[in-house]
Each structure stands twice: as structure tokens, then as C-alpha cells.
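Student: Encoded as C-alpha cells, here's the structure I'll be asking about.
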Amino acid sequence: MITFKVEGADIIARKFLLAATAVPTKAVPDALDKAALLVTRSAKQKAAVDTGNMRAAIAPSRPSASEADVTSHAEYSIYVEVGTHKMAAQPFMRPALDENAEQIEELIGRSVVTTVQGVLA
């Protein structure tokens, strides 16, 4: 019979448990905050401007630790985004998200890896 003993396994297990807590409570929310700011900035740059109201009404919010929203609170924003039968669409929200999608994925991935490395160090 061969017997193996892993010394320090309890320490490793505790670190993994800590990482499992830190990723959804710290890493993901921090990355989502940065991602929402990226999309907000981009949407404001792309928004059609007449009075500046719609651009000023674009803001990020965090409904939960795992979600980030970027919304234009100007009531007519949807008509600008998708158009009407009288007006062509001038999209600004979807393009802002689409052009930042890769960077958002990198932000979240980097934040998760950095958090896990910090916990396991």
C-alpha cells in the first residue's frame, strides 16, 4: 500500500474558497464598473446632439453585483436609436457596446485573474 499526504492542502482549500468569494463580490463588480464607464463614454460620443439633453442623460447604473446598465434617460432616445417611419435610425447605444465588447471581456478576465492570483499568493 502507498500512502500520500498533501501538506498545506487545507491552506490551499481556504485560499480557493476565498477566491470563490472574492471573484463575484469584488473582481466582477469592479470590472463591470469600468466596463459601464467605457460604454457610457462611447455612447456619449456617438449620440446625436441637438440640445445636448440626450447626451447628458446617458448614465451607468448597477442593478446588482453581476449587472451593469448604461441607459439614456431622455424619453426620445429609443426613437433616435432605432428610428421611426419619419426618421432614420442614428444608433449610439448598441454601437457603443459592440465596439467595446472585446475590451469588456478583457477587463473582466483580467480582473478575475488578478483577484485569484492575489488570493492564492
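Naming works like this for the C-alpha cells: A, B, ... for the chains as they're shown, residue 1 at the start of each chain, ligands 1 onward in shown order.
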Got a sec to tell me which of segment 36-76 of chain A DSSP assigns to alpha helix (DSSP H), as number ranges by chain?
Tutor: A: 36-46, 53-56
Student: Selection from above, C-alpha atoms, as a JSON list (two decimals), in the first residue's frame, can you write it?
Tutor:
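Output contents, as saved in out_17.json:
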[["chain", "number", "residue", "atom", "x", "y", "z"],
["A", 36, "ALA", "CA", -20.04, 50.63, -17.87],
["A", 37, "LEU", "CA", -17.89, 53.75, -17.92],
["A", 38, "LEU", "CA", -16.34, 52.67, -21.24],
["A", 39, "VAL", "CA", -19.74, 52.17, -22.83],
["A", 40, "THR", "CA", -21.11, 55.39, -21.32],
["A", 41, "ARG", "CA", -18.21, 57.42, -22.71],
["A", 42, "SER", "CA", -18.56, 55.82, -26.12],
["A", 43, "ALA", "CA", -22.36, 56.28, -26.23],
["A", 44, "LYS", "CA", -22.00, 59.95, -25.30],
["A", 45, "GLN", "CA", -19.51, 60.44, -28.12],
["A", 46, "LYS", "CA", -21.80, 58.72, -30.62],
["A", 53, "ASN", "CA", -30.08, 66.67, -23.41],
["A", 54, "MET", "CA", -29.83, 63.10, -24.70],
["A", 55, "ARG", "CA", -26.06, 63.03, -24.34],
["A", 56, "ALA", "CA", -26.30, 64.36, -20.79]]
Student: Give the strand (DSSP E or B) residues of segment 41-89 of chain A, as DSSP finds them on the backbone, and put them as an MDAnalysis selection string.
Tutor: chainID A and resid 58:64 67:72
Student: Write out, as a CSV table (one decimal), in the first residue's frame, the residues just selected, with C-alpha atoms.
Tutor:
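So again-v7.csv came out as:
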chain,number,residue,atom,x,y,z
A,58,ILE,CA,-26.7,58.8,-20.7
A,59,ALA,CA,-25.5,57.2,-17.4
A,60,PRO,CA,-24.3,53.9,-16.0
A,61,SER,CA,-26.1,52.1,-13.1
A,62,ARG,CA,-25.5,48.9,-11.2
A,63,PRO,CA,-28.7,46.9,-10.5
A,64,SER,CA,-26.7,44.1,-8.9
A,67,GLU,CA,-25.0,43.5,-13.9
A,68,ALA,CA,-24.2,46.9,-15.2
A,69,ASP,CA,-26.6,49.1,-17.3
A,70,VAL,CA,-26.0,52.1,-19.4
A,71,THR,CA,-29.2,54.0,-20.1
A,72,SER,CA,-30.1,57.2,-21.9
Student: For Ala22 of chain A, which residue out of A:Thr115, A:Gly8, A:Pro95, A:Leu120 is the nearest one, using only C-alpha atoms?
Tutor: A:Thr115
Student: So which one's closest to Thr51 of chain A, A:Ala74, A:Ile2, A:Val82, A:Leu107? Using only C-alpha atoms, please.
Tutor: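 Checking each of A:Ala74, A:Ile2, A:Val82, A:Leu107 against Thr51 of chain A, counting only C-alpha atoms, the winner is A:Ala74.
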Student: Show me, as a ChimeraX atom specification, the residues that have an atom within 9 Å of Ile104 of chain A when counting only C-alpha atoms, minus same-chain residues fewer than 4 positions from it.
Tutor: /A:31-32,34-36,38,97,100,108-109
Student: I'd like to know which of A:Val6, A:Ala20, A:Ala48, A:Ala89 is closest to Val113 of chain A, using only C-alpha atoms.
Tutor: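 Nearest to Val113 of chain A: A:Ala20.
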Student: Considering only C-alpha atoms, can you say which of A:Met93, A:Ala47, A:Asp33, A:Gly83 comes closest to Ser66 of chain A?
Tutor: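 Among A:Met93, A:Ala47, A:Asp33, A:Gly83, it is A:Asp33 that comes nearest to Ser66 of chain A.
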Student: Using only C-alpha atoms, can you tell me which of A:Glu106, A:Lys5, A:Ala96, A:Ala65 comes closest to Val23 of chain A?
Tutor: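 Ranking A:Glu106, A:Lys5, A:Ala96, A:Ala65 by distance to Val23 of chain A, first place goes to A:Ala65.
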Student: To one decimal place in Å, what is the distance between atom CA of Gln117 of chain A and atom CA of Ala101 of chain A?
Tutor: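 Result for atom CA of Gln117 of chain A versus atom CA of Ala101 of chain A: 24.2 Å, one decimal.
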Student: Between atom CA of Lys26 of chain A and atom CA of Glu105 of chain A, what distance in Å does the model show, to one decimal?
Tutor: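 Value for the atom CA of Lys26 of chain A-atom CA of Glu105 of chain A distance: 16.1 Å.
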Student: For atom CA of Arg110 of chain A and atom CA of Arg14 of chain A, quote the distance in Å rounded to one decimal.
Tutor: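 One can read the atom CA of Arg110 of chain A to atom CA of Arg14 of chain A distance as 22.2 Å.
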